[in-house]
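Colleague: What follows is input00.txt, made up of compact mmCIF, C-alpha atoms:
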# COMPACT_ATOMS: atom_id res chain seq x y z
CA MET A 9 102.75 53.58 124.42
CA ASN A 10 104.00 51.04 121.92
CA PRO A 11 106.09 48.56 123.96
CA GLN A 12 108.30 47.91 120.91
CA ILE A 13 109.45 51.56 120.78
CA SER A 14 111.66 53.11 123.45
CA PRO A 15 110.27 56.15 125.33
CA LYS A 16 113.05 58.34 123.91
CA VAL A 17 112.33 57.34 120.32
CA GLN A 18 108.60 57.69 120.82
CA SER A 19 109.11 61.16 122.30
CA GLU A 20 111.23 62.20 119.30
CA GLN A 21 108.56 60.87 116.93
CA GLN A 22 105.91 62.85 118.80
CA VAL A 23 107.97 66.05 118.51
CA SER A 24 108.53 65.54 114.79
CA ALA A 25 104.80 65.07 114.24
CA GLU A 26 103.83 68.29 116.04
CA THR A 27 103.87 71.82 114.70
CA PRO A 28 105.98 74.28 116.75
CA GLU A 29 102.78 75.76 118.16
CA GLU A 30 101.46 72.35 119.17
CA LEU A 31 104.78 71.43 120.78
CA VAL A 32 104.95 74.64 122.81
CA ALA A 33 101.31 74.32 123.85
CA ARG A 34 101.88 70.75 125.07
CA LEU A 35 105.02 71.65 126.99
CA ALA A 36 103.35 74.72 128.45
CA ARG A 37 100.33 72.76 129.64
CA ASP A 38 102.62 70.24 131.33
CA GLY A 39 104.65 73.05 132.86
CA ARG A 40 101.60 74.86 134.16
CA ALA A 41 100.34 71.67 135.78
CA ALA A 42 103.73 71.19 137.45
CA GLN A 43 103.75 74.81 138.59
CA ARG A 44 100.51 74.33 140.48
CA VAL A 45 102.32 71.66 142.49
CA LEU A 46 105.30 73.95 143.13
CA ALA A 47 103.07 76.86 144.14
CA ARG A 48 101.75 74.99 147.17
CA LEU A 49 105.11 73.69 148.40
CA SER A 50 106.54 74.89 151.68
CA ASP A 51 109.83 76.74 151.88
CA ALA A 52 111.48 73.59 153.27
CA ARG A 53 110.23 71.41 150.41
CA LYS A 54 111.47 73.83 147.74
CA ALA A 55 114.84 74.03 149.45
CA GLU A 56 114.98 70.23 149.60
CA ALA A 57 114.24 70.01 145.88
CA SER A 58 116.94 72.59 145.07
CA ARG A 59 119.53 70.67 147.07
CA ALA A 60 118.50 67.43 145.38
CA ALA A 61 119.02 69.10 141.99
CA ALA A 62 122.47 70.32 143.05
CA SER A 63 123.40 66.85 144.26
CA ALA A 64 122.25 65.33 140.98
CA LEU A 65 124.44 67.75 139.04
CA ARG A 66 127.48 66.62 141.01
CA LYS A 67 126.65 62.95 140.49
CA ALA A 68 126.27 63.53 136.74
CA GLU A 69 129.65 65.26 136.38
CA ALA A 70 131.06 62.71 133.93
CA GLU A 71 128.01 62.77 131.67
CA ILE A 72 127.79 66.58 131.68
CA LEU A 73 131.48 67.10 130.93
CA ASP A 74 131.39 64.48 128.17
CA ALA A 75 128.43 66.31 126.63
CA ASN A 76 130.30 69.60 126.89
CA VAL A 77 133.31 68.12 125.09
CA ARG A 78 130.99 67.36 122.17
CA ASP A 79 129.70 70.94 122.17
CA ILE A 80 133.21 72.42 122.30
CA ALA A 81 134.35 70.23 119.41
CA ALA A 82 131.33 71.29 117.35
CA GLY A 83 131.95 74.93 118.27
CA GLU A 84 135.58 74.76 117.20
CA ALA A 85 134.52 73.17 113.92
CA LYS A 86 132.06 76.04 113.38
CA GLY A 87 134.79 78.59 114.04
CA LEU A 88 133.37 80.08 117.24
CA THR A 89 135.54 82.82 118.73
CA GLY A 90 137.70 82.21 121.76
CA ALA A 91 135.33 84.30 123.88
CA MET A 92 132.33 82.26 122.73
CA LEU A 93 134.13 79.01 123.45
CA ASP A 94 135.04 80.30 126.90
CA ARG A 95 131.36 81.02 127.61
CA LEU A 96 130.50 77.52 126.43
CA ARG A 97 133.29 75.54 128.09
CA LEU A 98 132.75 73.54 131.29
CA ASP A 99 135.33 71.80 133.42
CA ALA A 100 135.14 70.13 136.81
CA GLN A 101 135.71 73.42 138.63
CA ARG A 102 133.08 75.35 136.66
CA LEU A 103 130.56 72.56 137.02
CA ALA A 104 131.20 72.43 140.76
CA GLY A 105 130.56 76.17 140.83
CA ILE A 106 127.26 75.69 139.00
CA ALA A 107 126.16 73.03 141.50
CA ASP A 108 127.28 75.24 144.40
CA ALA A 109 125.20 78.11 143.00
CA VAL A 110 122.13 75.85 142.94
CA ASP A 111 122.85 74.90 146.55
CA GLN A 112 123.19 78.57 147.48
CA VAL A 113 119.79 79.32 145.98
CA ALA A 114 118.33 76.67 148.31
CA SER A 115 119.66 78.66 151.28
CA LEU A 116 118.19 82.00 150.21
CA PRO A 117 115.07 83.39 151.90
CA ASP A 118 111.91 82.33 150.10
CA PRO A 119 110.10 85.42 148.77
CA VAL A 120 106.84 83.55 148.13
CA GLY A 121 104.25 84.33 150.78
CA GLN A 122 106.06 87.45 151.93
CA VAL A 123 103.58 90.14 153.00
CA MET A 124 104.71 93.31 151.27
CA ASP A 125 102.34 95.67 153.08
CA THR A 126 99.02 95.71 154.87
CA ALA A 127 96.18 98.16 155.39
CA GLN A 128 92.99 98.31 157.43
CA ARG A 129 90.05 100.09 155.79
CA PRO A 130 87.52 102.11 157.80
CA ASN A 131 84.85 99.53 156.92
CA GLY A 132 86.91 96.80 158.60
CA LEU A 133 88.36 95.16 155.48
CA ALA A 134 91.92 93.93 156.05
CA LEU A 135 94.09 94.24 152.92
CA SER A 136 97.51 92.79 152.24
CA ARG A 137 99.82 92.39 149.24
CA VAL A 138 101.46 88.98 149.15
CA ARG A 139 104.28 87.74 146.90
CA ILE A 140 103.40 84.82 144.64
CA PRO A 141 105.18 82.98 141.78
CA ILE A 142 104.75 84.36 138.27
CA GLY A 143 103.82 80.95 136.84
CA LEU A 144 105.49 79.39 133.81
CA ILE A 145 108.60 81.25 132.69
CA GLY A 146 110.17 80.78 129.26
CA ILE A 147 113.93 81.30 129.05
CA ILE A 148 115.44 81.80 125.58
CA TYR A 149 119.23 81.87 125.69
CA GLU A 150 122.35 81.24 123.67
CA SER A 151 125.70 79.63 124.36
CA ARG A 152 126.12 79.52 128.16
CA PRO A 153 125.13 76.15 129.64
CA ASN A 154 125.29 77.52 133.19
CA VAL A 155 122.08 79.43 132.36
CA THR A 156 120.27 76.09 132.23
CA ALA A 157 121.08 75.37 135.86
CA ASP A 158 120.82 78.94 137.14
CA ALA A 159 117.43 79.58 135.54
CA ALA A 160 116.03 76.22 136.61
CA ALA A 161 117.23 76.68 140.20
CA LEU A 162 115.83 80.18 140.56
CA CYS A 163 112.49 79.27 139.02
CA LEU A 164 112.17 76.17 141.19
CA ARG A 165 113.05 78.01 144.41
CA SER A 166 110.54 80.78 143.67
CA GLY A 167 107.75 78.32 142.86
CA ASN A 168 107.80 78.81 139.09
CA ALA A 169 108.00 76.17 136.39
CA VAL A 170 110.44 76.85 133.57
CA LEU A 171 110.55 76.10 129.85
CA LEU A 172 114.13 76.40 128.59
CA ARG A 173 115.16 76.96 124.99
CA GLY A 174 118.95 76.99 124.77
CA GLY A 175 121.19 77.69 121.80
CA SER A 176 122.45 74.99 119.47
CA GLU A 177 126.05 75.62 120.54
CA ALA A 178 125.34 74.15 124.00
CA LEU A 179 122.82 71.53 122.89
CA HIS A 180 124.39 68.48 124.52
CA SER A 181 125.50 70.31 127.68
CA ASN A 182 122.03 71.76 128.22
CA ARG A 183 120.37 68.39 127.80
CA ALA A 184 122.74 66.73 130.27
CA ILE A 185 122.30 69.48 132.87
CA GLN A 186 118.50 69.49 132.56
CA ALA A 187 118.33 65.69 132.74
CA ALA A 188 120.38 65.68 135.93
CA MET A 189 118.26 68.34 137.60
CA VAL A 190 115.05 66.53 136.65
CA LYS A 191 116.44 63.37 138.20
CA GLY A 192 117.02 65.36 141.38
CA LEU A 193 113.43 66.64 141.37
CA GLU A 194 111.99 63.19 140.83
CA SER A 195 114.09 61.81 143.70
CA VAL A 196 112.09 64.00 146.11
CA GLY A 197 108.72 63.34 144.48
CA LEU A 198 108.31 66.47 142.35
CA PRO A 199 107.11 66.53 138.73
CA ALA A 200 109.70 66.40 135.96
CA ALA A 201 107.76 69.03 133.99
CA ALA A 202 108.82 71.68 136.51
CA ILE A 203 112.09 71.95 134.52
CA GLN A 204 111.59 71.38 130.79
CA LEU A 205 113.99 71.86 127.89
CA VAL A 206 112.56 72.33 124.40
CA PRO A 207 113.54 69.07 122.64
CA THR A 208 114.24 70.61 119.23
CA GLN A 209 116.41 73.37 117.80
CA ASP A 210 113.76 74.36 115.25
CA ARG A 211 113.86 78.18 115.29
CA ALA A 212 110.12 78.31 114.70
CA VAL A 213 109.71 77.13 118.29
CA VAL A 214 111.09 80.47 119.50
CA GLY A 215 108.31 82.24 117.62
CA ALA A 216 105.76 79.86 119.09
CA MET A 217 107.02 80.61 122.60
CA LEU A 218 106.88 84.35 122.01
CA THR A 219 103.25 84.19 120.95
CA ALA A 220 102.06 81.70 123.60
CA ALA A 221 100.01 84.27 125.50
CA GLY A 222 97.96 82.62 128.20
CA LEU A 223 100.30 79.62 128.31
CA ILE A 224 103.68 81.18 129.12
CA ASP A 225 103.54 83.95 131.71
CA MET A 226 106.87 85.67 131.08
CA ILE A 227 109.77 85.40 128.62
CA VAL A 228 113.35 86.11 129.63
CA PRO A 229 115.83 86.42 126.73
CA ARG A 230 119.52 85.81 127.53
CA GLY A 231 121.78 86.52 124.58
CA GLY A 232 123.01 89.02 122.06
CA LYS A 233 121.38 92.16 120.77
CA SER A 234 119.74 90.45 117.79
CA LEU A 235 118.04 87.82 119.97
CA VAL A 236 116.73 90.39 122.44
CA ALA A 237 115.56 92.68 119.63
CA ARG A 238 113.62 89.81 118.05
CA VAL A 239 112.03 88.87 121.34
CA GLN A 240 110.97 92.44 122.07
CA ALA A 241 109.61 92.91 118.54
CA ASP A 242 107.65 89.66 118.29
CA ALA A 243 106.57 88.79 121.82
CA ARG A 244 102.92 88.67 122.81
CA VAL A 245 104.03 87.52 126.24
CA PRO A 246 105.49 89.92 128.85
CA VAL A 247 109.29 90.17 128.48
CA LEU A 248 111.94 90.74 131.13
CA ALA A 249 114.70 92.14 128.92
CA HIS A 250 118.39 91.52 129.40
CA LEU A 251 120.15 93.76 126.87
CA ASP A 252 123.80 93.80 125.89
CA GLY A 253 126.38 94.98 128.38
CA ILE A 254 128.09 98.06 126.93
CA CYS A 255 129.65 98.87 130.29
CA HIS A 256 131.73 102.00 130.89
CA THR A 257 134.40 102.84 133.44
CA TYR A 258 135.21 106.54 133.81
CA VAL A 259 138.55 107.39 135.42
CA HIS A 260 137.96 110.82 136.94
CA ALA A 261 140.64 113.48 137.38
CA ALA A 262 140.72 112.74 141.12
CA ALA A 263 141.16 108.97 140.76
CA ASP A 264 143.91 107.21 142.67
CA PRO A 265 146.32 106.02 139.93
CA GLU A 266 147.00 102.59 141.41
CA MET A 267 143.28 101.99 141.98
CA ALA A 268 142.52 103.10 138.42
CA ARG A 269 145.05 100.64 136.98
CA ARG A 270 143.84 97.77 139.11
CA VAL A 271 140.10 98.36 138.64
CA THR A 272 140.22 98.92 134.89
CA LEU A 273 142.43 95.88 134.30
CA ASN A 274 140.08 93.66 136.29
CA ALA A 275 136.95 95.19 134.75
CA LYS A 276 138.14 94.23 131.28
CA MET A 277 140.46 91.26 131.54
CA ARG A 278 139.25 89.08 134.42
CA ARG A 279 136.71 87.49 132.05
CA THR A 280 136.15 89.27 128.78
CA GLY A 281 133.13 87.21 127.73
CA ILE A 282 130.67 88.18 130.48
CA CYS A 283 128.06 90.92 130.24
CA GLY A 284 129.64 92.90 133.09
CA ALA A 285 132.99 93.24 131.34
CA MET A 286 134.03 96.83 130.66
CA GLU A 287 133.70 97.65 126.95
CA THR A 288 134.56 101.39 127.00
CA LEU A 289 137.13 103.18 129.11
CA LEU A 290 136.77 106.94 129.59
CA LEU A 291 139.88 108.79 130.77
CA ASP A 292 139.62 112.30 132.14
CA THR A 293 141.91 114.73 130.35
CA GLN A 294 143.12 115.95 133.77
CA PHE A 295 144.01 112.45 135.00
CA ARG A 296 147.80 112.35 134.80
CA GLU A 297 148.35 108.58 134.73
CA SER A 298 146.23 107.74 131.67
CA ALA A 299 149.22 106.44 129.71
CA SER A 300 150.01 104.01 132.54
CA VAL A 301 146.43 102.71 132.62
CA ILE A 302 146.50 102.19 128.86
CA ALA A 303 149.88 100.46 129.00
CA GLY A 304 148.66 98.05 131.65
CA LEU A 305 145.75 96.95 129.50
CA LEU A 306 147.89 96.60 126.36
CA GLU A 307 150.51 94.57 128.18
CA ALA A 308 147.77 92.25 129.48
CA GLY A 309 146.92 91.40 125.88
CA CYS A 310 143.98 93.73 125.30
CA GLU A 311 143.52 95.43 121.93
CA LEU A 312 142.65 99.11 122.38
CA ARG A 313 140.73 101.23 119.90
CA GLY A 314 140.72 104.89 120.77
CA ASP A 315 139.96 108.44 119.73
CA ALA A 316 142.78 110.75 118.62
CA ARG A 317 143.70 111.78 122.16
CA ALA A 318 143.81 108.18 123.36
CA GLN A 319 146.02 107.26 120.39
CA ALA A 320 148.39 110.09 121.32
CA LEU A 321 148.93 108.46 124.71
CA ASP A 322 150.32 105.24 123.23
CA PRO A 323 151.15 104.44 119.59
CA ARG A 324 149.80 100.90 120.06
CA VAL A 325 146.22 102.20 120.37
CA LEU A 326 144.33 101.62 117.11
CA PRO A 327 141.86 104.17 115.72
CA ALA A 328 138.27 103.69 116.87
CA SER A 329 135.35 103.81 114.45
CA ASP A 330 131.92 105.24 115.28
CA GLU A 331 130.66 101.67 115.73
CA ASP A 332 133.19 100.92 118.46
CA TRP A 333 131.41 103.12 121.01
CA ASP A 334 128.27 100.99 120.64
CA THR A 335 129.89 97.54 120.51
CA GLU A 336 129.81 94.79 123.13
CA TYR A 337 133.05 93.01 122.22
CA LEU A 338 132.91 90.13 124.74
CA ASP A 339 136.58 89.73 123.90
CA ALA A 340 139.97 91.26 124.74
CA VAL A 341 139.09 94.43 122.82
CA LEU A 342 138.31 97.79 124.41
CA SER A 343 137.33 101.24 123.15
CA VAL A 344 139.03 104.20 124.86
CA ALA A 345 138.16 107.90 124.83
CA VAL A 346 139.70 110.90 126.58
CA VAL A 347 136.98 113.23 127.88
CA ASP A 348 136.97 116.81 129.16
CA GLY A 349 135.71 116.26 132.67
CA LEU A 350 132.71 114.76 134.39
CA GLU A 351 130.13 116.52 132.22
CA ALA A 352 131.64 115.06 129.04
CA ALA A 353 131.87 111.61 130.62
CA LEU A 354 128.20 111.71 131.62
CA ASP A 355 127.26 112.80 128.10
CA HIS A 356 129.24 109.93 126.53
CA VAL A 357 127.65 107.37 128.87
CA ALA A 358 124.17 108.75 128.18
CA ARG A 359 124.69 108.39 124.42
CA HIS A 360 126.33 104.99 124.33
CA SER A 361 125.53 102.98 127.47
CA SER A 362 123.17 100.01 127.22
CA HIS A 363 122.03 100.84 130.79
CA HIS A 364 123.60 97.67 132.19
CA THR A 365 126.54 98.68 134.42
CA ASP A 366 128.63 101.85 134.49
CA ALA A 367 131.34 102.84 136.96
CA ILE A 368 133.44 105.81 138.08
CA VAL A 369 136.87 105.71 139.73
CA THR A 370 137.42 108.79 141.85
CA ALA A 371 138.42 110.09 145.28
CA ASP A 372 136.05 113.06 144.86
CA ASP A 373 132.84 112.30 146.76
CA ALA A 374 130.86 115.03 145.00
CA ALA A 375 131.82 113.68 141.56
CA ALA A 376 130.92 110.15 142.68
CA GLU A 377 127.50 111.20 143.94
CA ARG A 378 126.71 113.12 140.76
CA PHE A 379 127.69 110.09 138.66
CA LEU A 380 125.47 107.83 140.77
CA ALA A 381 122.54 110.24 140.48
CA GLU A 382 122.75 110.99 136.75
CA VAL A 383 123.77 107.71 135.13
CA ASP A 384 120.57 105.87 134.22
CA SER A 385 121.78 102.29 134.36
CA ALA A 386 120.54 99.25 136.23
CA ILE A 387 123.83 99.17 138.17
CA VAL A 388 126.10 102.14 138.91
CA MET A 389 129.37 101.75 140.78
CA VAL A 390 132.03 103.84 142.49
CA ASN A 391 135.62 102.58 142.78
CA ALA A 392 134.78 98.99 141.88
CA SER A 393 135.17 96.68 138.90
CA SER A 394 132.11 96.29 136.69
CA GLN A 395 132.73 92.54 136.85
CA PHE A 396 130.89 92.60 140.18
CA ALA A 397 127.66 93.01 138.17
CA ASP A 398 126.48 89.55 139.10
CA GLY A 399 123.70 88.16 141.25
CA GLY A 400 126.07 85.98 143.23
CA GLU A 401 128.29 88.94 144.06
CA PHE A 402 125.22 90.88 145.19
CA GLY A 403 124.32 88.10 147.61
CA LEU A 404 121.34 87.05 145.50
CA GLY A 405 122.67 83.64 144.52
CA ALA A 406 122.40 82.62 140.89
CA GLU A 407 120.66 85.11 138.62
CA ILE A 408 118.29 84.89 135.69
CA GLY A 409 120.06 87.87 134.10
CA ILE A 410 120.66 91.60 134.46
CA ALA A 411 117.42 93.39 133.59
CA THR A 412 118.10 96.74 131.93
CA GLY A 413 114.51 97.94 131.55
CA ARG A 414 112.60 100.06 134.03
CA LEU A 415 109.57 97.90 134.80
CA HIS A 416 109.06 94.99 137.18
CA ALA A 417 112.72 94.27 137.97
CA ARG A 418 116.08 95.93 137.34
CA GLY A 419 119.68 94.81 137.76
CA PRO A 420 120.42 91.22 138.82
CA VAL A 421 117.13 89.32 138.70
CA ALA A 422 117.01 86.56 141.28
CA LEU A 423 114.23 85.15 143.42
CA GLU A 424 112.30 88.32 144.18
CA GLY A 425 112.37 89.34 140.51
CA LEU A 426 110.63 86.07 139.64
CA THR A 427 107.61 86.86 141.78
CA THR A 428 104.61 89.08 141.40
CA TYR A 429 101.95 89.79 144.01
CA LYS A 430 98.26 89.50 144.64
CA TRP A 431 95.93 91.42 146.91
CA VAL A 432 94.39 89.44 149.74
CA VAL A 433 91.24 90.93 151.22
CA ARG A 434 89.76 89.61 154.47
CA GLY A 435 86.31 90.73 155.55
CA SER A 436 83.59 89.92 158.00
CA GLY A 437 80.55 90.16 155.74
CA GLN A 438 80.98 93.71 154.41
CA THR A 439 78.91 94.78 151.40
CA ARG A 440 79.48 97.87 149.31
CA PRO A 441 76.77 100.53 149.58
Please express the file's structure as structure tokens.

Modeller:
Amino acid sequence: MNPQISPKVQSEQQVSAETPEELVARLARDGRAAQRVLARLSDARKAEASRAAASALRKAEAEILDANVRDIAAGEAKGLTGAMLDRLRLDAQRLAGIADAVDQVASLPDPVGQVMDTAQRPNGLALSRVRIPIGLIGIIYESRPNVTADAAALCLRSGNAVLLRGGSEALHSNRAIQAAMVKGLESVGLPAAAIQLVPTQDRAVVGAMLTAAGLIDMIVPRGGKSLVARVQADARVPVLAHLDGICHTYVHAAADPEMARRVTLNAKMRRTGICGAMETLLLDTQFRESASVIAGLLEAGCELRGDARAQALDPRVLPASDEDWDTEYLDAVLSVAVVDGLEAALDHVARHSSHHTDAIVTADDAAAERFLAEVDSAIVMVNASSQFADGGEFGLGAEIGIATGRLHARGPVALEGLTTYKWVVRGSGQTRP
């Protein structure tokens, strides 16, 4: 190292001199080396490291919030929507919640080393399947800086190293959060490369990550439909997909009116910018309080776009286009349809759901059970707000995302979803005839 050049400047010069592929390869090699250290840590050591990272986040509050102010100002100048700014914004309370979530991950049972099942073969071989870390996980995400901490904490606790590539909107916040967590790791003697953040916003780096087979073991995209579509189309690395949250709530004919009003209002308006927010409301034609449910949402400041029968219930409901039924608004906008019973509701959900989270409000147990059995989503709910679609609310701690595919993991992906397994075979000299 040239003693006349600061480490930060020298690092930036190194990045600028590398191709995206060379940069990703270097970061991946460093991450894989760090992961080998993590893989042999005890449960207690990983928990200690997680708590050190949480403590470092709290100590760096001023720096992180100052960085977030810069991101918010840049976002406002770019004309980001209110919902996008809300996803981006940090304050002391939100940052405390992020640090608390990292602490909670430290307290979760460690899945690594768990014996999933065992078998004894007639020849005396003893077989077992044991959970192990996946390795180096690449996270590609957009405007939510909390993902930086959540992903890093979950990967660390499950013995994985992580390579983070956040969106430009949260550039300064992500850097401050990652720097704090690395400081926490180093304070307990663990390698900084266990939690890495790609040091450039060059979009070609995303392509380099997607094609880094043999270096990155799994990619997790967190963002909008276009990001996930690109990842799925271009990746040569296994992908754990988190698709958009086109979440439905169906108010059945037998729903309790007060429950229907309360659940639908919370499902949409508690936080409109999260993936578990309701985006389509289905009202049974036999439910007699539909106008009251619609009025409650309108009076809370939600714009409603509905079919002809929904518009007839309240003149303030705007006409819905065909695109509305397939739109994740992430804002105070909601599509509304009136449907002819459970069969029609199931058909609508099957055609338009993104298989994230769908819910029914009903006092009819048979209708509830049919909905649970036939809706093919990662999360299905009865008489509850879709805003509960969250790893923390499921008792899993922070989450890497809501996986909507059918393989490896589904629903909130936390520690167990970041592990795979290997077969362990113990013999006493057996040979195969």

Colleague: Using only C-alpha atoms, which of A:Ala417, A:Leu223, A:Ala352, A:Ile368 sits nearest Met389 of chain A?

Modeller: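 Ranking A:Ala417, A:Leu223, A:Ala352, A:Ile368 by distance to Met389 of chain A, first place goes to A:Ile368.
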
Colleague: Tell me, as an MDAnalysis selection string, which residues lie within 10 Å of Arg44 of chain A, counting only C-alpha atoms; anything in the same chain fewer than 4 positions away does not count.

Modeller: chainID A and resid 39:40 48:49 141 143:144 167:169 202

Colleague: What residues have an atom no more than 6 Å from (124.4, 87.6, 135.6) in the file's own frame, counting all atoms listed in the file, and can you write them as a list in words?

Modeller: Asp398, Gly399, Glu407, Gly409 and Ile410 of chain A

Colleague: How far is it from atom CA of Arg434 of chain A to atom CA of Asp225 of chain A, in Å with one decimal?

Modeller: 27.2 Å

Colleague: Which of these residues is nearest to Ala221 of chain A, using all atoms listed in the file: A:Leu380, A:Cys255, A:Ala33, A:Leu354?

Modeller: A:Ala33

Colleague: Would you fill the gaps in segment 41-54 of chain A so it has N, CA, C and O atoms, then print it as a compact mmCIF listing (two decimals), in the frame of the given file?

Modeller:
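As a result, result07.txt now contains:
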# COMPACT_ATOMS: atom_id res chain seq x y z
N ALA A 41 100.82 72.66 134.82
CA ALA A 41 100.34 71.67 135.78
C ALA A 41 101.38 71.44 136.88
O ALA A 41 101.05 71.35 138.06
N ALA A 42 102.65 71.36 136.46
CA ALA A 42 103.73 71.19 137.45
C ALA A 42 103.84 72.41 138.36
O ALA A 42 104.10 72.29 139.56
N GLN A 43 103.62 73.59 137.79
CA GLN A 43 103.75 74.81 138.59
C GLN A 43 102.72 74.88 139.69
O GLN A 43 102.98 75.39 140.78
N ARG A 44 101.54 74.34 139.44
CA ARG A 44 100.51 74.33 140.48
C ARG A 44 100.96 73.49 141.68
O ARG A 44 100.62 73.79 142.82
N VAL A 45 101.75 72.46 141.39
CA VAL A 45 102.32 71.66 142.49
C VAL A 45 103.36 72.48 143.24
O VAL A 45 103.37 72.54 144.47
N LEU A 46 104.25 73.15 142.49
CA LEU A 46 105.30 73.95 143.13
C LEU A 46 104.71 75.08 143.97
O LEU A 46 105.24 75.43 145.03
N ALA A 47 103.63 75.68 143.48
CA ALA A 47 103.07 76.86 144.14
C ALA A 47 102.59 76.56 145.56
O ALA A 47 102.53 77.47 146.40
N ARG A 48 102.25 75.31 145.83
CA ARG A 48 101.75 74.99 147.17
C ARG A 48 102.81 74.34 148.06
O ARG A 48 102.49 73.92 149.18
N LEU A 49 104.06 74.29 147.58
CA LEU A 49 105.11 73.69 148.40
C LEU A 49 105.56 74.65 149.50
O LEU A 49 105.58 75.87 149.32
N SER A 50 105.98 74.09 150.60
CA SER A 50 106.54 74.89 151.68
C SER A 50 107.95 75.33 151.31
O SER A 50 108.59 74.79 150.39
N ASP A 51 108.45 76.29 152.04
CA ASP A 51 109.83 76.74 151.88
C ASP A 51 110.80 75.55 152.01
O ASP A 51 111.71 75.37 151.20
N ALA A 52 110.57 74.72 153.02
CA ALA A 52 111.48 73.59 153.27
C ALA A 52 111.47 72.61 152.11
O ALA A 52 112.53 72.08 151.72
N ARG A 53 110.31 72.36 151.52
CA ARG A 53 110.23 71.41 150.41
C ARG A 53 110.93 71.95 149.16
O ARG A 53 111.61 71.21 148.44
N LYS A 54 110.78 73.24 148.89
CA LYS A 54 111.47 73.83 147.74
C LYS A 54 112.98 73.82 147.94
O LYS A 54 113.74 73.56 147.01
